[in-house]
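For reference, final-v5.csv (CSV, C-alpha atoms and all ligand atoms):
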```csv
chain,number,residue,atom,x,y,z
A,1,MET,CA,0.0,0.0,0.0
A,2,ASN,CA,1.6,3.2,-1.2
A,3,LEU,CA,-0.5,6.1,-0.1
A,4,LEU,CA,-0.2,9.9,-0.4
A,5,LEU,CA,-1.9,12.2,2.1
A,6,PHE,CA,-3.1,15.4,0.6
A,7,GLY,CA,-5.0,18.5,1.8
A,8,LYS,CA,-4.9,22.0,3.0
A,9,PRO,CA,-2.6,23.0,5.9
A,10,GLY,CA,-4.6,22.4,9.1
A,11,ALA,CA,-6.8,19.7,7.5
A,12,GLY,CA,-5.2,17.2,10.0
A,13,LYS,CA,-2.9,15.1,7.8
A,14,GLY,CA,-0.2,15.1,10.4
A,15,THR,CA,-2.7,13.8,13.1
A,16,GLN,CA,-4.1,11.2,10.8
A,17,ALA,CA,-0.8,9.9,9.4
A,18,PRO,CA,0.3,7.9,12.4
A,19,ARG,CA,-3.2,6.5,13.0
A,20,LEU,CA,-3.5,5.3,9.4
A,21,ALA,CA,0.0,3.9,9.7
A,22,GLU,CA,-1.1,1.8,12.7
A,23,SER,CA,-4.3,0.6,11.0
A,24,LEU,CA,-2.7,-0.2,7.7
A,25,GLY,CA,0.6,-1.6,9.1
A,26,VAL,CA,2.9,0.6,6.9
A,27,PRO,CA,5.1,3.4,8.1
A,28,THR,CA,4.7,7.2,7.4
A,29,LEU,CA,7.3,9.3,5.6
A,30,ALA,CA,7.3,13.0,6.1
A,31,THR,CA,9.8,15.2,4.1
A,32,GLY,CA,11.2,17.1,7.1
A,33,ASP,CA,11.9,13.9,9.1
A,34,VAL,CA,13.7,12.1,6.3
A,35,LEU,CA,15.6,15.2,5.3
A,36,ARG,CA,17.0,15.6,8.9
A,37,GLN,CA,17.7,11.8,9.1
A,38,ALA,CA,19.6,11.7,5.8
A,39,VAL,CA,21.7,14.7,6.8
A,40,ARG,CA,22.5,13.1,10.2
A,41,GLU,CA,23.3,9.7,8.6
A,42,GLY,CA,25.4,11.4,5.9
A,43,THR,CA,23.8,9.5,3.0
A,44,PRO,CA,24.9,10.7,-0.6
A,45,MET,CA,21.8,12.8,-0.9
A,46,GLY,CA,21.9,13.9,2.7
A,47,LYS,CA,25.4,15.3,2.0
A,48,LYS,CA,24.1,17.2,-0.9
A,49,ALA,CA,21.2,18.6,1.1
A,50,LYS,CA,23.6,19.7,3.8
A,51,GLU,CA,25.6,21.9,1.3
A,52,TYR,CA,22.4,23.8,0.5
A,53,MET,CA,21.4,24.1,4.2
A,54,ASN,CA,24.9,25.3,5.2
A,55,ARG,CA,24.6,28.1,2.6
A,56,GLY,CA,21.2,29.0,4.0
A,57,ASP,CA,19.5,27.9,0.7
A,58,LEU,CA,16.3,25.9,0.3
A,59,VAL,CA,17.0,22.2,-0.5
A,60,PRO,CA,15.8,21.8,-4.1
A,61,ASP,CA,13.1,19.3,-5.2
A,62,ASP,CA,15.5,16.9,-6.9
A,63,VAL,CA,17.6,16.5,-3.7
A,64,ILE,CA,14.5,16.1,-1.5
A,65,LEU,CA,13.0,13.5,-3.9
A,66,GLY,CA,16.4,11.8,-4.0
A,67,ILE,CA,16.3,11.5,-0.2
A,68,VAL,CA,12.7,10.1,-0.4
A,69,GLY,CA,14.0,7.5,-2.9
A,70,GLU,CA,16.9,6.5,-0.7
A,71,THR,CA,14.5,6.1,2.3
A,72,LEU,CA,12.0,4.0,0.4
A,73,LYS,CA,14.8,1.5,-0.3
A,74,LYS,CA,15.0,0.7,3.4
A,75,PRO,CA,13.5,-2.6,4.4
A,76,GLU,CA,10.9,-1.1,6.7
A,77,TYR,CA,9.3,0.6,3.7
A,78,ALA,CA,9.2,-2.6,1.6
A,79,ARG,CA,5.5,-3.2,2.4
A,80,GLY,CA,4.4,0.3,1.6
A,81,VAL,CA,4.4,3.9,2.8
A,82,ILE,CA,2.2,6.7,3.8
A,83,LEU,CA,3.6,9.9,2.2
A,84,ASP,CA,2.7,12.9,4.4
A,85,GLY,CA,3.2,16.3,2.9
A,86,VAL,CA,5.7,15.1,0.4
A,87,VAL,CA,4.0,16.5,-2.7
A,88,ARG,CA,2.9,20.2,-2.7
A,89,THR,CA,3.4,21.2,-6.4
A,90,VAL,CA,2.8,19.6,-9.8
A,91,PRO,CA,6.6,19.3,-10.5
A,92,GLN,CA,7.0,17.4,-7.2
A,93,ALA,CA,4.1,15.1,-8.1
A,94,GLU,CA,5.9,14.3,-11.4
A,95,GLY,CA,9.2,13.8,-9.6
A,96,MET,CA,7.5,11.5,-7.0
A,97,GLN,CA,6.0,9.4,-9.7
A,98,LYS,CA,9.5,8.9,-11.2
A,99,VAL,CA,11.0,8.0,-7.9
A,100,LEU,CA,8.3,5.4,-7.3
A,101,GLY,CA,8.6,4.2,-10.9
A,102,ASP,CA,12.4,3.7,-10.6
A,103,LEU,CA,11.7,1.4,-7.6
A,104,GLY,CA,9.0,-0.5,-9.5
A,105,ARG,CA,6.3,1.0,-7.4
A,106,LYS,CA,3.3,3.3,-7.9
A,107,LEU,CA,0.8,5.2,-5.7
A,108,ASP,CA,-2.2,3.0,-4.9
A,109,ALA,CA,-4.2,6.0,-3.8
A,110,VAL,CA,-4.2,9.7,-2.9
A,111,LEU,CA,-6.2,10.5,0.1
A,112,CYS,CA,-7.5,14.1,0.1
A,113,PHE,CA,-8.7,15.6,3.4
A,114,GLU,CA,-11.4,18.2,2.6
A,115,ILE,CA,-12.3,21.1,4.9
A,116,ASP,CA,-13.6,24.7,4.7
A,117,ASN,CA,-11.1,27.5,4.9
A,118,GLU,CA,-13.0,29.2,7.7
A,119,GLU,CA,-13.0,25.9,9.7
A,120,ILE,CA,-9.2,25.8,9.4
A,121,VAL,CA,-8.8,29.4,10.5
A,122,GLN,CA,-10.9,28.6,13.6
A,123,ARG,CA,-9.2,25.3,14.2
A,124,LEU,CA,-5.6,26.6,14.0
A,125,GLY,CA,-6.6,29.8,15.8
A,126,ALA,CA,-7.6,27.6,18.8
A,127,ARG,CA,-4.3,25.7,18.7
A,128,THR,CA,-1.2,26.0,20.9
A,129,VAL,CA,1.9,24.0,20.6
A,130,CYS,CA,4.6,23.0,23.2
A,131,GLU,CA,7.7,25.1,22.6
A,132,LYS,CA,9.8,22.1,23.7
A,133,CYS,CA,8.3,19.0,22.2
A,134,GLN,CA,6.0,20.6,19.6
A,135,THR,CA,2.9,18.6,20.7
A,136,PRO,CA,-0.2,20.5,19.5
A,137,TYR,CA,-3.1,21.3,21.8
A,138,THR,CA,-6.6,22.5,21.1
A,139,GLY,CA,-8.5,24.7,23.6
A,140,ARG,CA,-5.5,25.3,25.8
A,141,ASN,CA,-4.0,28.8,26.4
A,142,ALA,CA,-0.5,30.0,25.7
A,143,GLY,CA,1.6,29.9,28.9
A,144,GLU,CA,0.0,26.7,30.2
A,145,ARG,CA,2.2,23.5,30.7
A,146,CYS,CA,2.6,20.6,28.3
A,147,ASP,CA,1.1,17.4,29.6
A,148,LYS,CA,3.9,15.4,28.0
A,149,CYS,CA,7.1,17.2,28.9
A,150,GLY,CA,6.1,20.2,31.2
A,151,GLY,CA,7.2,22.7,28.5
A,152,THR,CA,5.4,26.0,27.9
A,153,LEU,CA,2.5,26.1,25.4
A,154,MET,CA,2.7,28.9,22.9
A,155,ARG,CA,0.8,30.2,19.9
A,156,ARG,CA,2.7,29.8,16.6
A,157,LYS,CA,2.9,32.9,14.4
A,158,ASP,CA,1.9,30.6,11.5
A,159,ASP,CA,-1.4,30.0,13.2
A,160,GLU,CA,-2.5,33.6,13.3
A,161,PRO,CA,-5.5,34.2,11.0
A,162,ASP,CA,-3.6,36.3,8.5
A,163,ALA,CA,-0.8,33.8,8.3
A,164,ILE,CA,-3.3,31.0,7.8
A,165,ARG,CA,-5.2,32.8,5.0
A,166,ASN,CA,-1.8,33.4,3.3
A,167,ARG,CA,-0.9,29.7,3.6
A,168,LEU,CA,-4.3,28.7,2.2
A,169,SER,CA,-3.9,31.0,-0.8
A,170,VAL,CA,-0.5,29.4,-1.5
A,171,TYR,CA,-2.3,26.1,-1.3
A,172,ASP,CA,-4.9,27.2,-3.8
A,173,GLN,CA,-2.3,28.4,-6.3
A,174,GLN,CA,0.4,25.6,-6.0
A,175,THR,CA,-1.1,22.6,-4.4
A,176,ALA,CA,-4.8,22.4,-5.5
A,177,PRO,CA,-3.6,21.7,-9.1
A,178,VAL,CA,-1.8,18.6,-7.8
A,179,PHE,CA,-5.2,17.1,-7.1
A,180,ASN,CA,-6.3,17.6,-10.7
A,181,TRP,CA,-3.0,16.2,-11.9
A,182,TYR,CA,-3.5,13.0,-10.1
A,183,THR,CA,-7.1,12.7,-11.2
A,184,ARG,CA,-6.1,13.2,-14.8
A,185,ASN,CA,-3.3,10.6,-14.8
A,186,GLY,CA,-5.6,7.9,-13.4
A,187,THR,CA,-4.4,7.6,-9.8
A,188,THR,CA,-7.2,6.7,-7.4
A,189,VAL,CA,-8.1,9.8,-5.5
A,190,ALA,CA,-10.3,9.4,-2.5
A,191,THR,CA,-11.7,12.4,-0.7
A,192,VAL,CA,-12.4,12.4,3.0
A,193,ASN,CA,-14.5,14.9,5.0
A,194,ALA,CA,-12.0,16.2,7.5
A,195,THR,CA,-14.4,17.9,9.9
A,196,GLY,CA,-15.5,16.3,13.2
A,197,THR,CA,-13.5,14.3,15.7
A,198,VAL,CA,-10.1,12.7,15.0
A,199,ASP,CA,-11.7,9.3,15.4
A,200,ASP,CA,-14.5,10.1,12.9
A,201,VAL,CA,-12.0,11.3,10.3
A,202,SER,CA,-9.8,8.2,10.8
A,203,GLN,CA,-12.8,5.9,10.2
A,204,ARG,CA,-13.9,7.8,7.1
A,205,ALA,CA,-10.3,7.6,5.8
A,206,LEU,CA,-10.1,3.8,6.2
A,207,LYS,CA,-13.6,3.4,4.7
A,208,ALA,CA,-12.5,5.6,1.7
A,209,LEU,CA,-9.6,3.2,1.2
A,210,GLY,CA,-12.0,0.2,1.4
A,211,ARG,CA,-10.7,-1.0,4.8
B,301,ZN,ZN,6.0,19.2,25.5
```
As structure tokens, what does this structure read like?
Amino acid sequence: MNLLLFGKPGAGKGTQAPRLAESLGVPTLATGDVLRQAVREGTPMGKKAKEYMNRGDLVPDDVILGIVGETLKKPEYARGVILDGVVRTVPQAEGMQKVLGDLGRKLDAVLCFEIDNEEIVQRLGARTVCEKCQTPYTGRNAGERCDKCGGTLMRRKDDEPDAIRNRLSVYDQQTAPVFNWYTRNGTTVATVNATGTVDDVSQRALKALGR
């Protein structure tokens, strides 16, 4: 099962990814995590990425996709993967298709989490994160203590309404066309209503995948 999670920032992909991983028995792969790991391990692509990072430059798509390809060759990904936030633009979708193709694999489905913009503004506006361990909380105030590590909860600048609307407009311009790209090239695209409780959304997601 090779699955790609897709949807607006704040739609809950990051929350659903580990739950789906548990239910489907395949690991998740998020770009930021594998990038940091490749740099730490000093893999060929990790070394390349480090050159860009040392110069303060963004790591380009081909290097990121190279790292995703290296990671997918590891035995723990042999049975499948849940790609979380890996594809945000059409060129990245094309690149990802090539990476999978080179490994003799293809996406079985794209799971798209659907939610209204205003719901996202509300949801993220009510969110605080632990400044130490990054655990997100809903309905807790900045300055309170993290249940997990005792760190201080804070509101992220990214979660202010104006910043969220800006991220959503970037999504509309760059990422929404990816959905059409997958639909056109014959990939199974399943949409999931992402409003409601975390459990409800997980159940809908599994149902959409026929599980
Ligand atoms: Zn914490």
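Restricting the calculation to all atoms listed in the file, the smallest distance between A:Leu4 and any of A:Ala38, A:Val189, A:Leu103, A:Ala78 is found for A:Val189.
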| task | Find the residue from A:Thr138, A:Asn117, A:Asn166, A:Gln173 that sits nearest to A:Thr195; use only C-alpha atoms when measuring. | result | A:Asn117
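Residues in contact with ligand ZN 301 (chain B) (atom pairs separated by at most 6 Å; only C-alpha atoms and all ligand atoms) are Cys130, Lys132, Cys133, Thr135, Cys146, Lys148, Cys149, Gly150 and Gly151 of chain A.
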| If you measure from atom CA of A:Tyr171 to atom CA of A:Asp102, what distance in Å do you get, rounded to one decimal? | 28.4 Å
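Take atom CA of A:Leu206 and atom CA of A:Asp84: the distance between them is 15.8 Å.
The shortest atom-to-atom distance to A:Ile64, with all atoms listed in the file taken into account, belongs to A:Thr31 out of A:Arg36, A:Gly104, A:Thr31, A:Val81.
With atom CA of A:Gly42 on one side and atom CA of A:Lys73 on the other, the separation reads 15.8 Å.
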| message | Just want the 12 Å neighbourhood of A:Gln203, counted on all atoms listed in the file, with same-chain residues fewer than 6 positions away dropped. Output as a PyMOL selection string. | response | chain A and resi 16+19-20+23+192-194+196-197+209-211
| task | Excluding A:Thr89 and residues on its chain fewer than 6 positions from it, collect all residues at most 12 Å away from it, counting all atoms listed in the file, and give them as a list in words. | result | Phe6, Asp61, Gly95, Met96, Val170, Tyr171, Asp172, Gln173, Gln174, Thr175, Ala176, Pro177, Val178, Phe179, Asn180, Trp181 and Tyr182 of chain A
| Which of A:Gly69, A:Pro60, A:Gly14, A:Gly7 sits closest to A:Ala190 [using all atoms listed in the file] | A:Gly7
| query | Taking into account all atoms listed in the file, which residue in the set A:Arg167, A:Val68, A:Thr15, A:Leu29 is nearest to A:Leu100? | reply | A:Val68
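The residue that comes closest to A:Leu5, out of A:Gly66, A:Pro27, A:Gly85, A:Pro75 and on the basis of all atoms listed in the file, is A:Gly85.
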Give the centre and edge lengths of an axis-aligned box, in Å to one decimal, that holds all listed atoms of stretch 58-65 of chain A with 6 Å on each side, as JSON.
```
{"center_x": 15.3, "center_y": 19.7, "center_z": -3.3, "size_x": 16.6, "size_y": 24.4, "size_z": 19.2}
```
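Near stretch 48-56 of chain A, within a cut-off of 8 Å and counting all atoms listed in the file, sit the residues Leu35, Val39, Val63 and Ile64 of chain A, with same-chain residues fewer than 5 positions away left out.
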